[in-house]
$ cat start.cif   # mmCIF, C-alpha atoms
data_coords
#
loop_
_atom_site.label_atom_id
_atom_site.label_comp_id
_atom_site.auth_asym_id
_atom_site.auth_seq_id
_atom_site.Cartn_x
_atom_site.Cartn_y
_atom_site.Cartn_z
CA MET D 1 282.36 -75.96 -43.45
CA ILE D 2 282.35 -72.70 -45.36
CA ASP D 3 284.32 -69.76 -44.00
CA LEU D 4 281.66 -67.13 -43.36
CA ASN D 5 284.32 -64.47 -43.79
CA ASP D 6 284.67 -65.55 -47.43
CA VAL D 7 282.22 -63.11 -49.01
CA LYS D 8 282.83 -64.37 -52.54
CA LYS D 9 282.01 -67.96 -51.56
CA ILE D 10 278.88 -66.84 -49.69
CA ARG D 11 277.63 -64.99 -52.75
CA GLU D 12 278.40 -67.95 -55.02
CA LEU D 13 276.46 -70.41 -52.83
CA ASP D 14 273.49 -68.06 -52.64
CA SER D 15 272.49 -68.81 -56.24
CA MET D 16 269.30 -66.75 -56.35
CA GLY D 17 270.47 -63.77 -54.33
CA SER D 18 268.39 -64.42 -51.22
CA LEU D 19 270.86 -62.45 -49.14
CA ILE D 20 270.68 -59.52 -51.53
CA THR D 21 266.89 -59.55 -51.31
CA THR D 22 267.15 -59.55 -47.51
CA GLU D 23 269.74 -56.76 -47.55
CA ASN D 24 267.24 -54.72 -49.58
CA TYR D 25 264.33 -55.00 -47.13
CA ASP D 26 264.51 -51.24 -46.64
CA LYS D 27 263.84 -50.69 -50.34
CA GLN D 28 261.17 -53.42 -50.45
CA PHE D 29 259.23 -51.99 -47.51
CA ALA D 30 259.41 -48.52 -49.04
CA GLU D 31 258.12 -49.96 -52.34
CA GLY D 32 255.34 -51.69 -50.41
CA MET D 33 254.19 -48.32 -49.13
CA GLU D 34 254.30 -46.87 -52.63
CA LEU D 35 252.36 -49.82 -54.10
CA VAL D 36 249.37 -49.24 -51.87
CA LYS D 37 249.42 -45.44 -51.84
CA ASP D 38 246.63 -45.05 -54.41
CA PHE D 39 244.81 -48.31 -53.61
CA VAL D 40 241.09 -47.77 -53.12
CA VAL D 41 239.81 -49.92 -50.28
CA PRO D 42 236.29 -51.40 -50.48
CA GLU D 43 233.44 -50.15 -48.35
CA LEU D 44 233.11 -52.15 -45.16
CA PRO D 45 229.89 -53.44 -43.59
CA ASP D 46 228.56 -51.57 -40.57
CA LYS D 47 230.17 -54.20 -38.37
CA VAL D 48 233.34 -56.25 -38.95
CA ASP D 49 233.48 -59.39 -36.82
CA GLU D 50 236.88 -60.72 -37.84
CA LEU D 51 239.80 -60.32 -40.21
CA VAL D 52 240.58 -63.60 -41.98
CA LEU D 53 243.78 -64.10 -43.93
CA LEU D 54 243.69 -66.85 -46.54
CA GLY D 55 247.27 -67.84 -47.27
CA THR D 56 250.07 -70.27 -46.59
CA GLY D 57 253.83 -70.19 -46.33
CA GLY D 58 256.53 -67.95 -44.93
CA GLY D 59 255.29 -64.72 -46.52
CA SER D 60 251.51 -64.86 -46.71
CA SER D 61 250.50 -66.48 -43.42
CA ILE D 62 253.32 -64.85 -41.46
CA SER D 63 252.16 -61.43 -42.66
CA GLY D 64 248.81 -62.19 -41.06
CA GLY D 65 250.56 -63.33 -37.92
CA MET D 66 252.57 -60.12 -37.77
CA ILE D 67 249.36 -58.10 -38.16
CA ARG D 68 247.89 -60.02 -35.23
CA SER D 69 251.00 -59.56 -33.05
CA LEU D 70 251.48 -55.89 -33.90
CA LEU D 71 247.84 -54.90 -33.45
CA PHE D 72 247.03 -57.17 -30.50
CA ASP D 73 245.73 -54.31 -28.36
CA GLU D 74 244.42 -52.09 -31.18
CA LEU D 75 242.21 -54.11 -33.54
CA LYS D 76 238.74 -54.55 -32.11
CA PHE D 77 238.17 -57.97 -33.68
CA PRO D 78 240.22 -61.17 -33.99
CA VAL D 79 242.71 -61.96 -36.75
CA ILE D 80 242.32 -65.51 -38.07
CA ILE D 81 245.11 -67.16 -40.09
CA ASN D 82 243.45 -69.67 -42.42
CA GLN D 83 246.05 -71.88 -44.12
CA GLY D 84 243.92 -74.79 -45.29
CA TYR D 85 241.57 -75.68 -48.11
CA ASN D 86 238.40 -74.76 -46.24
CA ILE D 87 237.10 -71.71 -44.40
CA PRO D 88 235.47 -71.79 -40.95
CA ALA D 89 231.69 -71.63 -40.65
CA PHE D 90 231.70 -68.18 -39.03
CA VAL D 91 232.90 -66.42 -42.21
CA ASP D 92 230.01 -64.33 -43.51
CA GLU D 93 229.10 -60.86 -44.76
CA HIS D 94 230.64 -59.35 -41.62
CA SER D 95 234.09 -60.84 -42.35
CA LEU D 96 237.00 -58.92 -43.86
CA ILE D 97 239.23 -61.22 -45.88
CA PHE D 98 242.73 -60.77 -47.24
CA VAL D 99 243.48 -63.52 -49.75
CA VAL D 100 247.23 -63.68 -50.32
CA SER D 101 249.32 -65.81 -52.67
CA HIS D 102 252.49 -64.44 -54.18
CA SER D 103 252.42 -66.86 -57.10
CA GLY D 104 248.65 -66.65 -57.33
CA ASN D 105 248.45 -70.41 -57.74
CA THR D 106 248.46 -71.79 -54.19
CA GLU D 107 245.78 -74.47 -54.37
CA GLU D 108 244.73 -74.34 -50.72
CA THR D 109 244.27 -70.58 -50.90
CA LEU D 110 242.32 -70.71 -54.16
CA ASN D 111 240.01 -73.39 -52.80
CA ALA D 112 239.35 -71.37 -49.64
CA LEU D 113 238.72 -68.27 -51.76
CA SER D 114 236.08 -70.07 -53.80
CA GLN D 115 234.21 -70.77 -50.57
CA ALA D 116 234.70 -67.24 -49.22
CA MET D 117 233.19 -65.75 -52.36
CA GLU D 118 229.90 -67.47 -51.51
CA THR D 119 229.61 -65.81 -48.09
CA GLY D 120 229.26 -62.15 -49.00
CA ALA D 121 232.47 -61.30 -47.12
CA THR D 122 234.53 -58.24 -48.06
CA ILE D 123 237.54 -59.62 -49.95
CA ILE D 124 240.85 -58.05 -51.00
CA ALA D 125 243.40 -59.99 -53.06
CA ILE D 126 247.18 -59.53 -52.98
CA THR D 127 249.26 -61.40 -55.58
CA ALA D 128 251.89 -61.15 -58.28
CA GLY D 129 249.65 -62.88 -60.83
CA GLY D 130 248.50 -66.42 -61.58
CA LYS D 131 244.98 -67.73 -61.07
CA LEU D 132 244.30 -65.45 -58.13
CA LYS D 133 244.78 -62.41 -60.33
CA GLU D 134 242.41 -63.86 -62.93
CA ILE D 135 239.73 -64.71 -60.37
CA ALA D 136 239.95 -61.27 -58.77
CA GLN D 137 239.66 -59.48 -62.09
CA GLN D 138 236.76 -61.64 -63.25
CA ASN D 139 234.82 -61.11 -60.01
CA ASN D 140 235.64 -57.44 -59.36
CA ILE D 141 237.58 -58.27 -56.19
CA PRO D 142 239.86 -55.36 -55.19
CA LEU D 143 243.32 -56.45 -56.32
CA LEU D 144 246.83 -55.33 -55.43
CA ILE D 145 249.53 -56.58 -57.82
CA VAL D 146 252.97 -56.96 -56.22
CA PRO D 147 256.34 -57.51 -57.93
CA ALA D 148 256.90 -61.07 -59.14
CA ASP D 149 260.68 -61.36 -59.37
CA ILE D 150 262.08 -60.79 -55.88
CA GLY D 151 264.46 -63.73 -55.46
CA HIS D 152 261.93 -65.85 -53.60
CA PRO D 153 258.36 -65.32 -52.33
CA ARG D 154 259.23 -66.13 -48.71
CA ARG D 155 261.10 -62.83 -48.64
CA ASP D 156 258.14 -60.69 -49.69
CA LEU D 157 256.95 -59.33 -46.34
CA GLY D 158 257.36 -55.75 -47.49
CA TYR D 159 255.02 -56.33 -50.43
CA ILE D 160 252.35 -58.11 -48.37
CA PHE D 161 252.47 -57.00 -44.76
CA ILE D 162 252.97 -53.28 -45.43
CA PRO D 163 250.05 -53.00 -47.91
CA MET D 164 247.73 -54.82 -45.49
CA LEU D 165 248.76 -52.47 -42.69
CA VAL D 166 248.14 -49.40 -44.86
CA MET D 167 244.80 -50.80 -46.08
CA LEU D 168 243.63 -51.25 -42.48
CA THR D 169 244.54 -47.62 -41.87
CA LYS D 170 242.64 -46.50 -44.96
CA MET D 171 239.60 -48.41 -43.73
CA GLY D 172 239.74 -46.52 -40.46
CA LEU D 173 240.32 -49.69 -38.44
CA ILE D 174 243.71 -48.71 -36.99
CA SER D 175 245.77 -45.56 -36.47
CA ASP D 176 248.17 -44.31 -39.12
CA LYS D 177 251.42 -46.29 -39.04
CA THR D 178 253.39 -44.21 -41.56
CA ALA D 179 255.94 -42.94 -39.04
CA ASP D 180 256.46 -46.45 -37.65
CA ILE D 181 256.97 -47.89 -41.14
CA GLU D 182 259.49 -45.18 -41.94
CA GLU D 183 261.36 -45.92 -38.72
CA THR D 184 261.40 -49.63 -39.57
CA ILE D 185 262.80 -48.90 -43.03
CA ALA D 186 265.57 -46.77 -41.51
CA LEU D 187 266.28 -49.50 -38.95
CA PHE D 188 266.70 -52.10 -41.73
CA THR D 189 269.33 -49.84 -43.30
CA GLU D 190 271.25 -49.68 -40.02
CA LEU D 191 270.93 -53.37 -39.15
CA ASN D 192 272.07 -54.35 -42.63
CA LYS D 193 275.39 -52.74 -41.76
CA GLN D 194 275.69 -55.29 -38.93
CA TYR D 195 274.43 -58.46 -40.66
CA ASN D 196 275.39 -58.28 -44.36
CA PRO D 197 277.97 -60.70 -45.83
CA GLU D 198 280.75 -58.12 -45.89
CA VAL D 199 280.67 -57.85 -42.08
CA PRO D 200 283.14 -60.40 -40.60
CA VAL D 201 282.04 -63.09 -38.16
CA GLY D 202 283.62 -61.33 -35.20
CA ASN D 203 281.27 -58.36 -35.62
CA ASN D 204 278.27 -60.16 -37.17
CA LEU D 205 275.74 -61.60 -34.73
CA ALA D 206 273.83 -63.39 -37.50
CA LYS D 207 276.95 -65.24 -38.66
CA GLN D 208 277.92 -66.08 -35.09
CA ILE D 209 274.56 -67.70 -34.37
CA ALA D 210 274.66 -69.58 -37.68
CA GLN D 211 278.03 -71.11 -36.77
CA GLU D 212 276.97 -71.97 -33.24
CA LEU D 213 273.86 -73.75 -34.56
CA TYR D 214 275.87 -76.37 -36.42
CA GLY D 215 274.91 -79.82 -35.15
CA TYR D 216 271.92 -78.61 -33.14
CA ILE D 217 268.12 -78.46 -33.57
CA PRO D 218 266.81 -74.88 -33.38
CA LEU D 219 264.16 -74.12 -30.77
CA ILE D 220 262.70 -70.61 -30.71
CA TYR D 221 260.79 -69.20 -27.77
CA GLY D 222 258.75 -66.03 -28.21
CA SER D 223 256.12 -64.58 -25.92
CA LEU D 224 252.60 -63.24 -25.80
CA ASP D 225 251.29 -60.73 -26.61
CA ASN D 226 253.62 -59.61 -29.40
CA LEU D 227 256.47 -62.02 -30.14
CA ASP D 228 254.51 -65.12 -31.16
CA ALA D 229 254.53 -64.42 -34.91
CA VAL D 230 258.22 -63.52 -34.76
CA ALA D 231 259.06 -66.92 -33.26
CA TRP D 232 256.86 -68.58 -35.89
CA ARG D 233 258.73 -66.69 -38.63
CA TRP D 234 262.13 -67.89 -37.31
CA LYS D 235 260.88 -71.48 -37.24
CA ASN D 236 259.55 -71.33 -40.79
CA GLN D 237 262.73 -69.75 -42.12
CA PHE D 238 264.88 -72.46 -40.53
CA GLY D 239 262.85 -74.99 -42.49
CA GLU D 240 262.82 -73.26 -45.87
CA ASN D 241 266.19 -71.50 -45.81
CA SER D 242 268.32 -73.68 -43.56
CA LYS D 243 266.83 -77.07 -44.46
CA LEU D 244 266.51 -77.83 -40.75
CA MET D 245 263.61 -79.03 -38.65
CA ALA D 246 262.93 -76.34 -36.05
CA PHE D 247 260.37 -75.78 -33.32
CA TRP D 248 258.78 -72.80 -31.59
CA ASN D 249 256.54 -71.95 -28.69
CA VAL D 250 255.51 -68.99 -26.59
CA ILE D 251 255.79 -67.89 -22.98
CA PRO D 252 253.80 -68.13 -20.72
CA ASN D 253 251.88 -70.98 -22.40
CA LEU D 254 254.81 -73.38 -22.63
CA HIS D 255 255.33 -73.28 -18.87
CA HIS D 256 252.09 -75.21 -18.42
CA ASP D 257 252.92 -78.18 -20.64
CA GLU D 258 256.06 -78.16 -22.80
CA ALA D 259 258.28 -77.26 -19.86
CA VAL D 260 257.73 -80.72 -18.42
CA GLY D 261 259.50 -82.01 -21.52
CA TRP D 262 262.68 -80.33 -20.30
CA ASP D 263 263.09 -83.46 -18.16
CA MET D 264 263.69 -85.53 -21.30
CA PRO D 265 266.87 -87.67 -21.38
CA GLN D 266 270.01 -85.56 -21.35
CA GLU D 267 271.35 -87.03 -24.58
CA LEU D 268 268.22 -85.72 -26.34
CA ILE D 269 267.78 -82.29 -24.79
CA LYS D 270 271.46 -81.56 -25.46
CA MET D 271 270.63 -81.60 -29.17
CA PHE D 272 268.64 -78.35 -28.90
CA TYR D 273 269.86 -74.79 -29.43
CA LEU D 274 267.42 -72.39 -27.75
CA ILE D 275 266.95 -68.92 -29.20
CA MET D 276 265.10 -66.75 -26.70
CA LEU D 277 263.48 -63.69 -28.26
CA ARG D 278 263.64 -60.76 -25.85
CA ASP D 279 262.01 -57.34 -25.84
CA ASP D 280 262.53 -55.44 -22.64
CA VAL D 281 260.05 -52.76 -23.77
CA LEU D 282 257.14 -54.91 -24.92
CA ASP D 283 257.51 -57.76 -22.42
CA SER D 284 255.82 -57.27 -19.06
CA GLU D 285 257.79 -57.74 -15.84
CA LYS D 286 256.21 -61.16 -15.32
CA ILE D 287 257.15 -62.26 -18.84
CA LYS D 288 260.72 -60.99 -18.35
CA LYS D 289 260.97 -63.01 -15.13
CA ARG D 290 259.63 -66.12 -16.84
CA LYS D 291 262.21 -65.72 -19.61
CA ASP D 292 265.03 -65.21 -17.11
CA ILE D 293 264.06 -68.38 -15.25
CA THR D 294 263.66 -70.32 -18.49
CA VAL D 295 267.13 -69.31 -19.65
CA GLN D 296 268.60 -70.16 -16.24
CA ILE D 297 267.09 -73.65 -16.22
CA LEU D 298 267.78 -74.50 -19.86
CA SER D 299 271.35 -73.19 -19.87
CA GLU D 300 272.12 -76.17 -17.65
CA ARG D 301 270.22 -78.67 -19.82
CA MET D 302 270.21 -77.75 -23.50
CA GLY D 303 273.14 -77.81 -25.85
CA LYS D 304 273.24 -74.04 -26.20
CA VAL D 305 271.11 -71.05 -25.26
CA ARG D 306 271.26 -67.67 -26.95
CA GLN D 307 269.19 -64.59 -26.13
CA VAL D 308 268.53 -61.98 -28.84
CA TYR D 309 267.10 -58.55 -28.18
CA ALA D 310 264.76 -56.28 -30.11
CA THR D 311 265.85 -52.75 -31.02
CA GLY D 312 264.03 -49.67 -32.25
CA ASN D 313 261.43 -47.32 -30.82
CA SER D 314 258.05 -48.27 -32.26
CA ARG D 315 256.50 -51.69 -31.76
CA LEU D 316 256.63 -52.25 -35.52
CA ALA D 317 260.36 -51.57 -35.70
CA ARG D 318 261.11 -53.71 -32.64
CA LEU D 319 259.23 -56.73 -34.02
CA PHE D 320 260.92 -56.48 -37.39
CA SER D 321 264.37 -56.00 -35.87
CA LEU D 322 264.03 -59.59 -34.63
CA VAL D 323 262.53 -60.82 -37.91
CA TYR D 324 265.43 -59.27 -39.80
CA LEU D 325 268.05 -60.95 -37.62
CA GLY D 326 266.26 -64.29 -38.01
CA ASP D 327 266.15 -64.02 -41.79
CA PHE D 328 269.93 -63.46 -41.94
CA VAL D 329 270.65 -66.23 -39.42
CA THR D 330 268.60 -68.76 -41.37
CA LEU D 331 270.39 -67.86 -44.61
CA TYR D 332 273.90 -68.10 -43.16
CA THR D 333 273.08 -71.40 -41.41
CA PRO D 334 272.89 -73.51 -44.62
CA ILE D 335 275.67 -71.56 -46.31
CA TYR D 336 277.96 -72.48 -43.40
CA ARG D 337 277.22 -76.13 -44.27
CA GLY D 338 277.91 -75.47 -47.96
CA ILE D 339 274.21 -75.53 -48.95
CA ASP D 340 272.36 -73.08 -51.19
CA PRO D 341 269.55 -71.57 -49.05
CA THR D 342 267.03 -70.97 -51.83
CA PRO D 343 266.02 -74.31 -53.44
CA VAL D 344 263.05 -76.06 -51.79
CA GLU D 345 263.25 -79.49 -53.36
CA VAL D 346 260.92 -81.25 -50.92
CA ILE D 347 258.18 -78.68 -51.55
CA ASN D 348 258.64 -79.11 -55.29
CA LEU D 349 258.46 -82.89 -54.83
CA PHE D 350 255.14 -82.54 -53.00
CA LYS D 351 253.78 -80.32 -55.75
CA ARG D 352 254.79 -82.84 -58.44
CA LYS D 353 253.17 -85.72 -56.57
CA MET D 354 250.00 -83.71 -55.92
CA ALA D 355 249.77 -83.04 -59.64
CA GLU D 356 249.92 -86.75 -60.53
#
$ encode --input "start.cif" --output "structure tokens"
Amino acid sequence: MIDLNDVKKIRELDSMGSLITTENYDKQFAEGMELVKDFVVPELPDKVDELVLLGTGGGSSISGGMIRSLLFDELKFPVIINQGYNIPAFVDEHSLIFVVSHSGNTEETLNALSQAMETGATIIAITAGGKLKEIAQQNNIPLLIVPADIGHPRRDLGYIFIPMLVMLTKMGLISDKTADIEETIALFTELNKQYNPEVPVGNNLAKQIAQELYGYIPLIYGSLDNLDAVAWRWKNQFGENSKLMAFWNVIPNLHHDEAVGWDMPQELIKMFYLIMLRDDVLDSEKIKKRKDITVQILSERMGKVRQVYATGNSRLARLFSLVYLGDFVTLYTPIYRGIDPTPVEVINLFKRKMAE
């Protein structure tokens, strides 16, 4: 195991500076605001029936999920996360579409875009380049170019989520979120002082969780209406960063089916490490009670149970306070095992085989 107090070793193992990119989320989110400041949004139809995000992976699809979680009680139409090759039949001239691919070459996204272009939907593209940039330019699709070299695309939320949020404001679909974004940026600066590599294990919650996770399977429980995308983000980051299978679900839904699985054989359930996402501001009293009971029951069954709490004032800041902790945890987790968090060899293997 690697000593997580050894800052030099941590930096050496992190070959592509994923931790540095995460430490700089405050700068990235501020740059995201600046990127979209002069962006001219397209004219919308008289009626928008749904917002559809075409995109895959830890940055693109999660950005759509965060939009859905954040704006659950504000947007007047559903947010659909479309991660496959094909678009649903309801997409038409009354659909608003964000097509997002950091590389610009994600084949599922490009295939779905080709179908969307035949529907008359209002489309906006967000990318660093590649084929998506070319298609957008050739077809006069409004295009936002984001920075290409950021360490790794799965740490590009500031360049994708923030522009989409600002665009929705410019379209008159949601209220202005400038103050909330600024608070979130300031909160990143403060939380970085708690989670960065220079902070020793004894004072660093992210490092503590990473060490405790050794030998366990991560299970993340969020909740409706706002913490579902956050739990999804943690799960995805455990896969890509930590090279660990992880699982997630949401309360109250899981109490009607998955909870029965808590009666699985003890030697199996003891392999799980539960991370319960808590927000005592956003969660209703009934959700809080359900989480309390869940923790009580599973503390006696699972290998370990850890509760983590949102901070900040605005909903935006509170959601991203949990995202930020998760991103650090999932980077320290592989480093503790002596593994570089950035390479994604299995994904590269799939891409090579798909190209054959």
$ residues_around --input "start.cif" --residues "Leu144 (chain D)" --least-positions-apart "6" --cutoff "8 Å" --atoms "all atoms listed in the file" --output "mmCIF file with C-alpha atoms, in the coordinates of the input"
data_model
loop_
_atom_site.group_PDB
_atom_site.id
_atom_site.type_symbol
_atom_site.label_atom_id
_atom_site.label_comp_id
_atom_site.auth_asym_id
_atom_site.auth_seq_id
_atom_site.Cartn_x
_atom_site.Cartn_y
_atom_site.Cartn_z
ATOM 1 C CA LEU D 35 252.360 -49.820 -54.100
ATOM 2 C CA VAL D 36 249.370 -49.240 -51.870
ATOM 3 C CA PHE D 39 244.810 -48.310 -53.610
ATOM 4 C CA ILE D 124 240.850 -58.050 -51.000
ATOM 5 C CA ALA D 125 243.400 -59.990 -53.060
ATOM 6 C CA ILE D 126 247.180 -59.530 -52.980
ATOM 7 C CA THR D 127 249.260 -61.400 -55.580
#
$ resolve_selection --input "start.cif" --expression "the PyMOL selection byres ((chain D and resi 315) around 10)" --output "list in words"
Ser69, Leu70, Leu71, Asp180, Thr184, Asn226, Asp279, Val281, Leu282, Ala310, Thr311, Gly312, Asn313, Ser314, Leu316, Ala317, Arg318, Leu319, Phe320 and Ser321 of chain D
$ write_last_selection --input "start.cif" --atoms "C-alpha atoms" --output "compact mmCIF listing (two decimals), in the frame of the given file"
# COMPACT_ATOMS: atom_id res chain seq x y z
CA SER D 69 251.00 -59.56 -33.05
CA LEU D 70 251.48 -55.89 -33.90
CA LEU D 71 247.84 -54.90 -33.45
CA ASP D 180 256.46 -46.45 -37.65
CA THR D 184 261.40 -49.63 -39.57
CA ASN D 226 253.62 -59.61 -29.40
CA ASP D 279 262.01 -57.34 -25.84
CA VAL D 281 260.05 -52.76 -23.77
CA LEU D 282 257.14 -54.91 -24.92
CA ALA D 310 264.76 -56.28 -30.11
CA THR D 311 265.85 -52.75 -31.02
CA GLY D 312 264.03 -49.67 -32.25
CA ASN D 313 261.43 -47.32 -30.82
CA SER D 314 258.05 -48.27 -32.26
CA LEU D 316 256.63 -52.25 -35.52
CA ALA D 317 260.36 -51.57 -35.70
CA ARG D 318 261.11 -53.71 -32.64
CA LEU D 319 259.23 -56.73 -34.02
CA PHE D 320 260.92 -56.48 -37.39
CA SER D 321 264.37 -56.00 -35.87
$ residues_around --input "start.cif" --residues "Glu345 (chain D)" --least-positions-apart "4" --cutoff "10 Å" --atoms "only C-alpha atoms" --output "list of chain:residue names"
D:Glu240, D:Lys243, D:Leu349, D:Phe350, D:Lys351
$ resolve_selection --input "start.cif" --expression "the PyMOL selection byres ((chain D and resi 299-306) around 9)" --output "ChimeraX atom specification"
/D:209,212-213,216,262-263,266,268-277,294-298,307-308
$ resolve_selection --input "start.cif" --expression "the PyMOL selection byres ((chain D and resi 98-103) around 6)" --output "MDAnalysis selection string"
chainID D and resid 53:55 60 97 104:105 123:128 130
$ residues_around --input "start.cif" --residues "Arg233 (chain D)" --least-positions-apart "5" --cutoff "10 Å" --atoms "only C-alpha atoms" --output "PyMOL selection string"
chain D and resi 57-59+61-63+65-66+220+227-228+238+248+322-323+326-327
$ atom_distance --input "start.cif" --atom1 "CA of Ala229 (chain D)" --atom2 "CA of Val250 (chain D)"
9.5 Å
$ closest_residue --input "start.cif" --among "D:Asp46, D:Asp26, D:Asp225, D:Asp38" --to "Glu74 (chain D)" --atoms "all atoms listed in the file"
D:Asp225
$ atom_distance --input "start.cif" --atom1 "CA of Thr333 (chain D)" --atom2 "CA of Gln211 (chain D)"
6.8 Å
$ atom_distance --input "start.cif" --atom1 "CA of Lys235 (chain D)" --atom2 "CA of Glu182 (chain D)"
26.8 Å
$ closest_residue --input "start.cif" --among "D:Glu190, D:Ile293, D:Lys170, D:Gly338" --to "Lys37 (chain D)" --atoms "all atoms listed in the file"
D:Lys170
$ closest_residue --input "start.cif" --among "D:Leu113, D:Leu168, D:Ile162, D:Leu4" --to "Leu205 (chain D)" --atoms "all atoms listed in the file"
D:Leu4
$ axis_aligned_box --input "start.cif" --around "region 14-31 of chain D" --padding-each-side "6 Å" --output "lines of an AutoDock Vina configuration file"
center_x = 265.8
center_y = -58.7
center_z = -51.5
size_x = 27.4
size_y = 32.3
size_z = 21.7
$ residues_around --input "start.cif" --residues "Ile339 (chain D)" --least-positions-apart "4" --cutoff "10 Å" --atoms "only C-alpha atoms" --output "VMD selection string"
chain D and resid 1 to 2 10 13 to 14 241 to 243 331 to 335 343
$ closest_residue --input "start.cif" --among "D:Gly84, D:Gly215, D:Gly222, D:Pro78" --to "Phe247 (chain D)" --atoms "only C-alpha atoms"
D:Gly222
$ closest_residue --input "start.cif" --among "D:Ala206, D:Ala246, D:Val199, D:Leu325" --to "Leu219 (chain D)" --atoms "only C-alpha atoms"
D:Ala246
$ residues_around --input "start.cif" --residues "Thr22 (chain D)" --least-positions-apart "4" --cutoff "10 Å" --atoms "all atoms listed in the file" --output "CSV table (one decimal) with C-alpha atoms, in the coordinates of the input"
chain,number,residue,atom,x,y,z
D,17,GLY,CA,270.5,-63.8,-54.3
D,18,SER,CA,268.4,-64.4,-51.2
D,26,ASP,CA,264.5,-51.2,-46.6
D,27,LYS,CA,263.8,-50.7,-50.3
D,28,GLN,CA,261.2,-53.4,-50.4
D,150,ILE,CA,262.1,-60.8,-55.9
D,151,GLY,CA,264.5,-63.7,-55.5
D,155,ARG,CA,261.1,-62.8,-48.6
D,156,ASP,CA,258.1,-60.7,-49.7
D,188,PHE,CA,266.7,-52.1,-41.7
D,192,ASN,CA,272.1,-54.4,-42.6
D,196,ASN,CA,275.4,-58.3,-44.4
D,324,TYR,CA,265.4,-59.3,-39.8
D,327,ASP,CA,266.2,-64.0,-41.8
D,328,PHE,CA,269.9,-63.5,-41.9
D,331,LEU,CA,270.4,-67.9,-44.6
$ build_atoms --input "start.cif" --residues "region 53-57 of chain D" --atoms "all heavy atoms" --output "compact mmCIF listing (two decimals), in the coordinates of the input"
# COMPACT_ATOMS: atom_id res chain seq x y z
N LEU D 53 242.78 -64.05 -42.88
CA LEU D 53 243.78 -64.10 -43.93
C LEU D 53 243.81 -65.50 -44.52
O LEU D 53 244.03 -66.47 -43.80
CB LEU D 53 245.16 -63.73 -43.41
CG LEU D 53 246.23 -63.71 -44.52
CD1 LEU D 53 247.07 -62.45 -44.47
CD2 LEU D 53 247.12 -64.95 -44.49
N LEU D 54 243.57 -65.59 -45.82
CA LEU D 54 243.69 -66.85 -46.54
C LEU D 54 245.07 -66.88 -47.17
O LEU D 54 245.37 -66.10 -48.07
CB LEU D 54 242.62 -66.97 -47.62
CG LEU D 54 241.16 -66.72 -47.21
CD1 LEU D 54 240.24 -66.93 -48.41
CD2 LEU D 54 240.75 -67.62 -46.06
N GLY D 55 245.92 -67.77 -46.72
CA GLY D 55 247.27 -67.84 -47.27
C GLY D 55 248.12 -68.84 -46.53
O GLY D 55 247.84 -69.18 -45.38
N THR D 56 249.16 -69.31 -47.19
CA THR D 56 250.07 -70.27 -46.59
C THR D 56 251.50 -69.77 -46.76
O THR D 56 251.77 -68.82 -47.48
CB THR D 56 249.95 -71.65 -47.27
OG1 THR D 56 250.39 -71.54 -48.64
CG2 THR D 56 248.51 -72.15 -47.25
N GLY D 57 252.42 -70.44 -46.08
CA GLY D 57 253.83 -70.19 -46.33
C GLY D 57 254.42 -69.05 -45.53
O GLY D 57 253.75 -68.35 -44.77
